[in-house]
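Trainee: Sending over a structure as structure tokens; questions will come in a sec.
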Protein chains: 4
Amino acid sequence: MPTSYLRFSGQSLERLAALSDGIFAVAMTLLVLDLRVPLNDALHPQEALWHGGAVASESVVWHVLVDLSPQLLTYLMSFLTLGIFWMAQQTQLGNLKGTNRDLTWIHLAFMFAVALLPFSTALLAEYITYRLALVTYWLNLLLLGVVLFASLTYAARADLMKPDIAAAALAASRRRILVYQMLYAVAAAACVFNTYLSIALIVMVQLNSAIAPRIRPLNSF
Amino acid sequence: MPTSYLRFSGQSLERLAALSDGIFAVAMTLLVLDLRVPLNDALHPQEALWHGGAVASESVVWHVLVDLSPQLLTYLMSFLTLGIFWMAQQTQLGNLKGTNRDLTWIHLAFMFAVALLPFSTALLAEYITYRLALVTYWLNLLLLGVVLFASLTYAARADLMKPDIAAAALAASRRRILVYQMLYAVAAAACVFNTYLSIALIVMVQLNSAIAPRIRPLNSF
Amino acid sequence: MPTSYLRFSGQSLERLAALSDGIFAVAMTLLVLDLRVPLNDALHPQEALWHGGAVASESVVWHVLVDLSPQLLTYLMSFLTLGIFWMAQQTQLGNLKGTNRDLTWIHLAFMFAVALLPFSTALLAEYITYRLALVTYWLNLLLLGVVLFASLTYAARADLMKPDIAAAALAASRRRILVYQMLYAVAAAACVFNTYLSIALIVMVQLNSAIAPRIRPLNSF
Amino acid sequence: MPTSYLRFSGQSLERLAALSDGIFAVAMTLLVLDLRVPLNDALHPQEALWHGGAVASESVVWHVLVDLSPQLLTYLMSFLTLGIFWMAQQTQLGNLKGTNRDLTWIHLAFMFAVALLPFSTALLAEYITYRLALVTYWLNLLLLGVVLFASLTYAARADLMKPDIAAAALAASRRRILVYQMLYAVAAAACVFNTYLSIALIVMVQLNSAIAPRIRPLNSF
């Protein structure tokens, strides 16, 4: 029977979870590689570009940290992003009774968006005042949400959810993705005024998702 | 008994799967490191190489994205490659009842080819119009296919497959590898005309493998 | 029911452990990327910055190793740090009967501190004689300890510990974190005199934690 | 009871295996980062260091591949090294009935040696004709063997081996480590004549270990 290969392929939930954890772990740690420590001019005077002469006072390290603060801000935001989407994907996989080839490919598309995030983050950190860099970052957030929504919808339709998952819980999960994506879109739109405002709003939405789940009005979705 | 070491070694399917997932995860995420964001000339005027003066308009980020588009294209292709071969290896390991030292070494050779892919990808992205760069990339694809085929053949001969795997399913898997490798070879040969044509054909073959498995004529293998 | 999403989310101890192992593994290996091998001037004479001419004698490699010795020292210290905190987190997770969304976020904060360590290490390696670099490193150590303490306290209060964990064992774990954090603080304070003294003291505290657990006086905590 | 923390700590074989697989996976994949693709001078004429003018012929890619051949050779050797030691550690862990804090620290020391290998490899690749670079690489191989031997010896003495492991199998494993370390030492000593000779001998010993286990005379140990 010609298609028998396909029936056996892509059916391991355990390996899908293991690959996901690996990709999230690498992406979360690679983000920090953008926090590049500049060379110490006192050690490498020939390569000193920024300072007129050898500077040996403590203030040098302070300046390094201040110069890296936009990167630290975008790094924190991206770590929160990855934490939130890792949690969301973990919840989805935990509700599945199995997977198939199509659902596995949907999750590979999800991991593609995860693996792109260090790039979007580096772009935003370097061009933090540019609206297009912020819009690129938001498109990455949007892609994560769209694929996660597609995965939920497909899993329900293909009868891959555990039997004890109530329709109400499914609807709540879908509504949650939609609400947060709307909040992200509003935050991103604020870049018309200022990109820092957008970043602050995105971080606030994320912190609300992460650490304030008991504040009812914002989390009744 | 002198060879007793060998009888106990390399027998864990779980650790082989875990190492594979780790290597695929790192390779998939490292690919994106080639999407190097150029320094913002407005922030680092001393290092500005490409532009005559400080450019502060939004179009800078647009140019960055356009300049990175060959890398984005090769990155997408390589992510698809890794997704396809991860799925294929997962299917194979899922059909095994156990492993031994020899089969584990065959899979280590497979992972060597996986770990080489970020290099082939970077080479192709930087020299995207050069036929030899494309041929190098194709040789990497070929190596992945050859080792996977060898692993399937060895596992069947060494009686390591689960007893319920029909001979027909095995033959279908082997045929699948052969057909796709032939399609890749044809796509690579198209670089005689143009390397972009080859890349487009490879991506089409991959997308067919990934997202269109129900289109019968191309997938009856 | 509106909050049903939250009840199902973040409950997998296995995936939390897998993500943690991934992040620790990447961080431990990324540290070594700071041991950058300088280019061989004999091969790349055009880029030779440090040497007047081509140097082809064996002493070149010796100088490379000597020049990298501060990085090797900080690398060893950070590997010990990560080993100690990986062990501590493993012990905590092994004592849990389950997790919930809040505890998972506490551990994500822990992993944020883990992922920051390669940055703190690179900063310290490049600015090894600067007190502020050492204080930054110590703040990272402190953050790891504070989050681990918070996780232990929260897990006990939220009734997530296995039933056979005695109150005395819990208290011992908490006391251990406090004592080691006090020792780290004292070691860091020694940077008033000399940063190398601080590093030596931190490494001694860590080696005591790692390899001398049977020397009673220092480990009766 | 004061030491109760220690009794509960470091006892998970699963997490030790997962951390090991992660570190091996990252190290195996990071190795390839040293295969740095040089910039295409035709695209970046301003940065062209090596060539007098823009070179657009196919031979450019050929020269890139030839220039990278020492790195490819050392990369292959290091991948074999990591494959062999991953297999050896997997065999050891598979023979354990459990672990404790001390054995876990021995394995963390093993992983330290694993994480150092990309550095030793990069040093050797850049300074491939220098004896000290080869000796550094060999010291890394030696450290891997010593720690693995210590782990085997400790596990047997601390009664952590599975009860069905015969003393003869244990002795065979120890003898195997000793024999291979002696062969590596002889190969490294050959650098008195030529470093390439040493590398060729090490690769031959490794290939023998990996792919020729049935050739009796060399594998009766």
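Residues are named by chain letter and number: chains run A, B, ... in the order of the structure tokens, numbers start at 1 in each chain, and ligands are numbered from 1 in the order shown.
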Once you count only C-alpha atoms, which residues of chain B turn out to be within 12 Å of chain C? Could you give them as a list of chain:residue names?
Mentor: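 So the residues of chain B near chain C are B:Ala18, B:Leu19, B:Asp21, B:Gly22, B:Ile23, B:Ala25, B:Val26, B:Thr29, B:Leu30.
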Trainee: How would chain D read as a PDB file with C-alpha atoms, in the first residue's frame after a least-squares superposition onto chain C over every Cα atom, matched in order?
Mentor:
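For reference, out01.pdb as written:
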```pdb
ATOM      1  CA  MET D   1     -15.850  28.946  32.801  1.00  0.00           C
ATOM      2  CA  PRO D   2     -13.502  31.782  31.942  1.00  0.00           C
ATOM      3  CA  THR D   3     -10.333  30.805  33.774  1.00  0.00           C
ATOM      4  CA  SER D   4     -10.314  27.209  32.606  1.00  0.00           C
ATOM      5  CA  TYR D   5      -7.297  27.926  30.398  1.00  0.00           C
ATOM      6  CA  LEU D   6      -5.233  28.737  33.438  1.00  0.00           C
ATOM      7  CA  ARG D   7      -6.103  25.551  35.265  1.00  0.00           C
ATOM      8  CA  PHE D   8      -4.666  23.435  32.484  1.00  0.00           C
ATOM      9  CA  SER D   9      -1.570  25.455  31.812  1.00  0.00           C
ATOM     10  CA  GLY D  10       2.007  24.989  32.982  1.00  0.00           C
ATOM     11  CA  GLN D  11       1.445  21.667  34.731  1.00  0.00           C
ATOM     12  CA  SER D  12       4.104  19.464  33.210  1.00  0.00           C
ATOM     13  CA  LEU D  13       7.058  18.791  35.508  1.00  0.00           C
ATOM     14  CA  GLU D  14       8.716  16.734  32.739  1.00  0.00           C
ATOM     15  CA  ARG D  15       8.724  19.583  30.228  1.00  0.00           C
ATOM     16  CA  LEU D  16       9.904  22.055  32.874  1.00  0.00           C
ATOM     17  CA  ALA D  17      12.818  19.727  33.628  1.00  0.00           C
ATOM     18  CA  ALA D  18      13.534  19.245  29.911  1.00  0.00           C
ATOM     19  CA  LEU D  19      13.549  22.997  29.219  1.00  0.00           C
ATOM     20  CA  SER D  20      15.801  23.528  32.245  1.00  0.00           C
ATOM     21  CA  ASP D  21      18.250  20.856  31.138  1.00  0.00           C
ATOM     22  CA  GLY D  22      18.338  22.401  27.672  1.00  0.00           C
ATOM     23  CA  ILE D  23      19.012  25.908  28.975  1.00  0.00           C
ATOM     24  CA  PHE D  24      21.702  24.694  31.383  1.00  0.00           C
ATOM     25  CA  ALA D  25      23.317  22.640  28.609  1.00  0.00           C
ATOM     26  CA  VAL D  26      23.408  25.565  26.174  1.00  0.00           C
ATOM     27  CA  ALA D  27      24.621  28.018  28.823  1.00  0.00           C
ATOM     28  CA  MET D  28      27.393  25.637  29.979  1.00  0.00           C
ATOM     29  CA  THR D  29      28.581  25.168  26.400  1.00  0.00           C
ATOM     30  CA  LEU D  30      28.169  28.789  25.276  1.00  0.00           C
ATOM     31  CA  LEU D  31      30.501  29.903  28.048  1.00  0.00           C
ATOM     32  CA  VAL D  32      33.348  28.353  26.102  1.00  0.00           C
ATOM     33  CA  LEU D  33      32.605  30.534  23.079  1.00  0.00           C
ATOM     34  CA  ASP D  34      34.275  33.355  24.993  1.00  0.00           C
ATOM     35  CA  LEU D  35      37.512  31.421  24.806  1.00  0.00           C
ATOM     36  CA  ARG D  36      38.033  32.955  21.385  1.00  0.00           C
ATOM     37  CA  VAL D  37      41.119  31.616  19.634  1.00  0.00           C
ATOM     38  CA  PRO D  38      42.978  34.556  18.062  1.00  0.00           C
ATOM     39  CA  LEU D  39      43.830  34.299  14.373  1.00  0.00           C
ATOM     40  CA  ASN D  40      47.159  32.772  13.502  1.00  0.00           C
ATOM     41  CA  ASP D  41      49.255  35.709  12.293  1.00  0.00           C
ATOM     42  CA  ALA D  42      51.438  33.394  10.248  1.00  0.00           C
ATOM     43  CA  LEU D  43      48.348  32.508   8.190  1.00  0.00           C
ATOM     44  CA  HIS D  44      46.726  35.936   8.143  1.00  0.00           C
ATOM     45  CA  PRO D  45      49.617  38.451   8.090  1.00  0.00           C
ATOM     46  CA  GLN D  46      47.310  41.214   6.831  1.00  0.00           C
ATOM     47  CA  GLU D  47      45.264  41.084  10.030  1.00  0.00           C
ATOM     48  CA  ALA D  48      48.156  40.848  12.454  1.00  0.00           C
ATOM     49  CA  LEU D  49      47.544  43.496  15.078  1.00  0.00           C
ATOM     50  CA  TRP D  50      49.603  42.427  18.029  1.00  0.00           C
ATOM     51  CA  HIS D  51      52.875  41.215  16.575  1.00  0.00           C
ATOM     52  CA  GLY D  52      55.436  43.129  14.539  1.00  0.00           C
ATOM     53  CA  GLY D  53      56.008  40.298  12.109  1.00  0.00           C
ATOM     54  CA  ALA D  54      55.148  36.700  11.378  1.00  0.00           C
ATOM     55  CA  VAL D  55      55.873  34.589  14.459  1.00  0.00           C
ATOM     56  CA  ALA D  56      56.118  30.908  13.708  1.00  0.00           C
ATOM     57  CA  SER D  57      57.663  29.461  16.843  1.00  0.00           C
ATOM     58  CA  GLU D  58      55.869  27.192  19.309  1.00  0.00           C
ATOM     59  CA  SER D  59      55.763  30.029  21.847  1.00  0.00           C
ATOM     60  CA  VAL D  60      52.890  31.618  19.920  1.00  0.00           C
ATOM     61  CA  VAL D  61      50.415  28.982  21.120  1.00  0.00           C
ATOM     62  CA  TRP D  62      51.785  29.297  24.636  1.00  0.00           C
ATOM     63  CA  HIS D  63      51.115  33.052  24.551  1.00  0.00           C
ATOM     64  CA  VAL D  64      47.576  32.400  23.278  1.00  0.00           C
ATOM     65  CA  LEU D  65      46.922  30.091  26.230  1.00  0.00           C
ATOM     66  CA  VAL D  66      48.425  32.544  28.720  1.00  0.00           C
ATOM     67  CA  ASP D  67      46.415  35.434  27.261  1.00  0.00           C
ATOM     68  CA  LEU D  68      43.225  33.361  27.629  1.00  0.00           C
ATOM     69  CA  SER D  69      43.906  32.413  31.249  1.00  0.00           C
ATOM     70  CA  PRO D  70      41.549  35.052  32.768  1.00  0.00           C
ATOM     71  CA  GLN D  71      38.780  33.724  30.522  1.00  0.00           C
ATOM     72  CA  LEU D  72      39.638  30.142  31.532  1.00  0.00           C
ATOM     73  CA  LEU D  73      39.411  31.119  35.200  1.00  0.00           C
ATOM     74  CA  THR D  74      36.024  32.840  34.846  1.00  0.00           C
ATOM     75  CA  TYR D  75      34.822  29.981  32.636  1.00  0.00           C
ATOM     76  CA  LEU D  76      35.693  27.427  35.324  1.00  0.00           C
ATOM     77  CA  MET D  77      33.932  29.548  37.955  1.00  0.00           C
ATOM     78  CA  SER D  78      30.799  29.848  35.832  1.00  0.00           C
ATOM     79  CA  PHE D  79      30.730  26.149  35.008  1.00  0.00           C
ATOM     80  CA  LEU D  80      30.870  25.438  38.764  1.00  0.00           C
ATOM     81  CA  THR D  81      28.094  27.997  39.323  1.00  0.00           C
ATOM     82  CA  LEU D  82      25.880  26.366  36.720  1.00  0.00           C
ATOM     83  CA  GLY D  83      26.672  22.870  38.028  1.00  0.00           C
ATOM     84  CA  ILE D  84      25.745  23.863  41.581  1.00  0.00           C
ATOM     85  CA  PHE D  85      22.487  25.540  40.612  1.00  0.00           C
ATOM     86  CA  TRP D  86      21.535  22.755  38.191  1.00  0.00           C
ATOM     87  CA  MET D  87      22.025  20.263  41.043  1.00  0.00           C
ATOM     88  CA  ALA D  88      20.010  22.461  43.417  1.00  0.00           C
ATOM     89  CA  GLN D  89      17.131  22.881  40.959  1.00  0.00           C
ATOM     90  CA  GLN D  90      17.159  19.164  40.139  1.00  0.00           C
ATOM     91  CA  THR D  91      16.863  18.396  43.852  1.00  0.00           C
ATOM     92  CA  GLN D  92      13.928  20.798  44.177  1.00  0.00           C
ATOM     93  CA  LEU D  93      12.053  19.451  41.160  1.00  0.00           C
ATOM     94  CA  GLY D  94      12.680  15.888  42.385  1.00  0.00           C
ATOM     95  CA  ASN D  95      10.897  16.747  45.613  1.00  0.00           C
ATOM     96  CA  LEU D  96       7.780  18.110  43.890  1.00  0.00           C
ATOM     97  CA  LYS D  97       4.654  16.059  43.299  1.00  0.00           C
ATOM     98  CA  GLY D  98       3.553  18.493  40.578  1.00  0.00           C
ATOM     99  CA  THR D  99       3.782  22.064  39.403  1.00  0.00           C
ATOM    100  CA  ASN D 100       1.399  24.858  38.502  1.00  0.00           C
ATOM    101  CA  ARG D 101       1.467  27.979  36.375  1.00  0.00           C
ATOM    102  CA  ASP D 102       2.942  30.201  39.099  1.00  0.00           C
ATOM    103  CA  LEU D 103       5.744  27.818  40.075  1.00  0.00           C
ATOM    104  CA  THR D 104       6.575  27.301  36.399  1.00  0.00           C
ATOM    105  CA  TRP D 105       6.949  31.076  35.969  1.00  0.00           C
ATOM    106  CA  ILE D 106       9.217  31.203  39.021  1.00  0.00           C
ATOM    107  CA  HIS D 107      11.397  28.591  37.333  1.00  0.00           C
ATOM    108  CA  LEU D 108      11.332  30.540  34.060  1.00  0.00           C
ATOM    109  CA  ALA D 109      12.687  33.504  36.063  1.00  0.00           C
ATOM    110  CA  PHE D 110      15.364  31.132  37.378  1.00  0.00           C
ATOM    111  CA  MET D 111      16.255  30.174  33.793  1.00  0.00           C
ATOM    112  CA  PHE D 112      16.425  33.850  32.862  1.00  0.00           C
ATOM    113  CA  ALA D 113      19.153  34.211  35.496  1.00  0.00           C
ATOM    114  CA  VAL D 114      20.846  31.078  34.125  1.00  0.00           C
ATOM    115  CA  ALA D 115      20.758  32.450  30.566  1.00  0.00           C
ATOM    116  CA  LEU D 116      22.224  35.771  31.773  1.00  0.00           C
ATOM    117  CA  LEU D 117      25.278  34.067  33.293  1.00  0.00           C
ATOM    118  CA  PRO D 118      27.260  33.777  30.023  1.00  0.00           C
ATOM    119  CA  PHE D 119      26.882  37.567  29.709  1.00  0.00           C
ATOM    120  CA  SER D 120      28.007  38.263  33.292  1.00  0.00           C
ATOM    121  CA  THR D 121      30.893  35.880  32.737  1.00  0.00           C
ATOM    122  CA  ALA D 122      31.994  37.560  29.506  1.00  0.00           C
ATOM    123  CA  LEU D 123      31.778  40.967  31.199  1.00  0.00           C
ATOM    124  CA  LEU D 124      33.906  39.772  34.096  1.00  0.00           C
ATOM    125  CA  ALA D 125      36.433  38.043  31.842  1.00  0.00           C
ATOM    126  CA  GLU D 126      36.963  41.191  29.756  1.00  0.00           C
ATOM    127  CA  TYR D 127      36.959  43.610  32.719  1.00  0.00           C
ATOM    128  CA  ILE D 128      38.426  41.267  35.323  1.00  0.00           C
ATOM    129  CA  THR D 129      40.128  43.995  37.402  1.00  0.00           C
ATOM    130  CA  TYR D 130      36.994  46.179  37.584  1.00  0.00           C
ATOM    131  CA  ARG D 131      34.930  45.998  40.770  1.00  0.00           C
ATOM    132  CA  LEU D 132      31.657  46.801  38.988  1.00  0.00           C
ATOM    133  CA  ALA D 133      32.107  43.770  36.702  1.00  0.00           C
ATOM    134  CA  LEU D 134      32.554  41.573  39.768  1.00  0.00           C
ATOM    135  CA  VAL D 135      29.519  43.103  41.480  1.00  0.00           C
ATOM    136  CA  THR D 136      27.451  42.456  38.316  1.00  0.00           C
ATOM    137  CA  TYR D 137      28.542  38.811  38.424  1.00  0.00           C
ATOM    138  CA  TRP D 138      27.638  38.591  42.103  1.00  0.00           C
ATOM    139  CA  LEU D 139      24.198  40.117  41.430  1.00  0.00           C
ATOM    140  CA  ASN D 140      23.638  37.283  38.964  1.00  0.00           C
ATOM    141  CA  LEU D 141      24.614  34.730  41.650  1.00  0.00           C
ATOM    142  CA  LEU D 142      22.297  36.521  44.088  1.00  0.00           C
ATOM    143  CA  LEU D 143      19.392  36.453  41.605  1.00  0.00           C
ATOM    144  CA  LEU D 144      19.874  32.688  41.150  1.00  0.00           C
ATOM    145  CA  GLY D 145      19.762  32.188  44.928  1.00  0.00           C
ATOM    146  CA  VAL D 146      16.778  34.485  45.517  1.00  0.00           C
ATOM    147  CA  VAL D 147      14.636  32.840  42.827  1.00  0.00           C
ATOM    148  CA  LEU D 148      15.568  29.350  44.041  1.00  0.00           C
ATOM    149  CA  PHE D 149      14.634  30.330  47.589  1.00  0.00           C
ATOM    150  CA  ALA D 150      11.336  31.801  46.360  1.00  0.00           C
ATOM    151  CA  SER D 151      10.595  28.617  44.435  1.00  0.00           C
ATOM    152  CA  LEU D 152      11.182  26.459  47.526  1.00  0.00           C
ATOM    153  CA  THR D 153       9.029  28.697  49.705  1.00  0.00           C
ATOM    154  CA  TYR D 154       6.211  28.911  47.159  1.00  0.00           C
ATOM    155  CA  ALA D 155       6.189  25.149  46.492  1.00  0.00           C
ATOM    156  CA  ALA D 156       5.863  24.403  50.227  1.00  0.00           C
ATOM    157  CA  ARG D 157       3.066  26.962  50.685  1.00  0.00           C
ATOM    158  CA  ALA D 158       1.153  25.844  47.565  1.00  0.00           C
ATOM    159  CA  ASP D 159       1.307  22.226  48.778  1.00  0.00           C
ATOM    160  CA  LEU D 160       3.253  21.035  45.739  1.00  0.00           C
ATOM    161  CA  MET D 161       5.919  19.062  47.655  1.00  0.00           C
ATOM    162  CA  LYS D 162       5.805  15.277  47.811  1.00  0.00           C
ATOM    163  CA  PRO D 163       4.134  14.184  51.059  1.00  0.00           C
ATOM    164  CA  ASP D 164       7.236  12.379  52.386  1.00  0.00           C
ATOM    165  CA  ILE D 165       9.418  15.516  52.401  1.00  0.00           C
ATOM    166  CA  ALA D 166      10.052  16.310  56.051  1.00  0.00           C
ATOM    167  CA  ALA D 167       9.865  19.890  57.270  1.00  0.00           C
ATOM    168  CA  ALA D 168      13.441  19.462  58.530  1.00  0.00           C
ATOM    169  CA  ALA D 169      14.721  18.690  55.027  1.00  0.00           C
ATOM    170  CA  LEU D 170      12.952  21.755  53.684  1.00  0.00           C
ATOM    171  CA  ALA D 171      14.447  23.926  56.399  1.00  0.00           C
ATOM    172  CA  ALA D 172      17.896  22.438  55.654  1.00  0.00           C
ATOM    173  CA  SER D 173      17.557  23.311  51.971  1.00  0.00           C
ATOM    174  CA  ARG D 174      16.517  26.886  52.766  1.00  0.00           C
ATOM    175  CA  ARG D 175      19.333  27.271  55.288  1.00  0.00           C
ATOM    176  CA  ARG D 176      21.801  25.953  52.741  1.00  0.00           C
ATOM    177  CA  ILE D 177      20.799  28.599  50.175  1.00  0.00           C
ATOM    178  CA  LEU D 178      21.066  31.338  52.817  1.00  0.00           C
ATOM    179  CA  VAL D 179      24.481  30.236  54.076  1.00  0.00           C
ATOM    180  CA  TYR D 180      25.969  29.969  50.604  1.00  0.00           C
ATOM    181  CA  GLN D 181      24.517  33.328  49.572  1.00  0.00           C
ATOM    182  CA  MET D 182      26.093  34.894  52.666  1.00  0.00           C
ATOM    183  CA  LEU D 183      29.452  33.332  51.758  1.00  0.00           C
ATOM    184  CA  TYR D 184      29.121  34.636  48.178  1.00  0.00           C
ATOM    185  CA  ALA D 185      28.318  38.128  49.507  1.00  0.00           C
ATOM    186  CA  VAL D 186      31.391  38.098  51.738  1.00  0.00           C
ATOM    187  CA  ALA D 187      33.539  36.876  48.824  1.00  0.00           C
ATOM    188  CA  ALA D 188      32.138  39.594  46.546  1.00  0.00           C
ATOM    189  CA  ALA D 189      32.729  42.256  49.210  1.00  0.00           C
ATOM    190  CA  ALA D 190      36.417  41.301  49.154  1.00  0.00           C
ATOM    191  CA  CYS D 191      36.632  43.074  45.780  1.00  0.00           C
ATOM    192  CA  VAL D 192      37.156  46.245  47.800  1.00  0.00           C
ATOM    193  CA  PHE D 193      40.712  44.903  48.129  1.00  0.00           C
ATOM    194  CA  ASN D 194      41.117  42.990  44.874  1.00  0.00           C
ATOM    195  CA  THR D 195      38.792  41.371  42.322  1.00  0.00           C
ATOM    196  CA  TYR D 196      41.046  38.323  41.993  1.00  0.00           C
ATOM    197  CA  LEU D 197      40.666  37.743  45.737  1.00  0.00           C
ATOM    198  CA  SER D 198      36.872  37.752  45.301  1.00  0.00           C
ATOM    199  CA  ILE D 199      37.060  35.272  42.435  1.00  0.00           C
ATOM    200  CA  ALA D 200      39.367  32.977  44.421  1.00  0.00           C
ATOM    201  CA  LEU D 201      36.989  33.072  47.402  1.00  0.00           C
ATOM    202  CA  ILE D 202      33.917  32.375  45.236  1.00  0.00           C
ATOM    203  CA  VAL D 203      35.665  29.400  43.591  1.00  0.00           C
ATOM    204  CA  MET D 204      36.663  28.090  47.042  1.00  0.00           C
ATOM    205  CA  VAL D 205      33.077  28.328  48.294  1.00  0.00           C
ATOM    206  CA  GLN D 206      31.903  26.556  45.148  1.00  0.00           C
ATOM    207  CA  LEU D 207      34.497  23.797  45.335  1.00  0.00           C
ATOM    208  CA  ASN D 208      33.519  23.273  48.956  1.00  0.00           C
ATOM    209  CA  SER D 209      29.889  22.926  47.871  1.00  0.00           C
ATOM    210  CA  ALA D 210      30.791  20.582  45.031  1.00  0.00           C
ATOM    211  CA  ILE D 211      33.593  18.311  46.135  1.00  0.00           C
ATOM    212  CA  ALA D 212      33.957  18.507  49.891  1.00  0.00           C
ATOM    213  CA  PRO D 213      30.511  17.728  51.261  1.00  0.00           C
ATOM    214  CA  ARG D 214      31.918  15.458  53.928  1.00  0.00           C
ATOM    215  CA  ILE D 215      34.068  18.043  55.670  1.00  0.00           C
ATOM    216  CA  ARG D 216      31.690  18.505  58.588  1.00  0.00           C
ATOM    217  CA  PRO D 217      32.369  21.978  60.002  1.00  0.00           C
ATOM    218  CA  LEU D 218      31.613  23.807  56.750  1.00  0.00           C
ATOM    219  CA  ASN D 219      28.735  21.566  55.735  1.00  0.00           C
ATOM    220  CA  SER D 220      26.758  21.087  58.859  1.00  0.00           C
ATOM    221  CA  PHE D 221      24.241  23.549  57.444  1.00  0.00           C
TER     222      PHE D 221
END
```
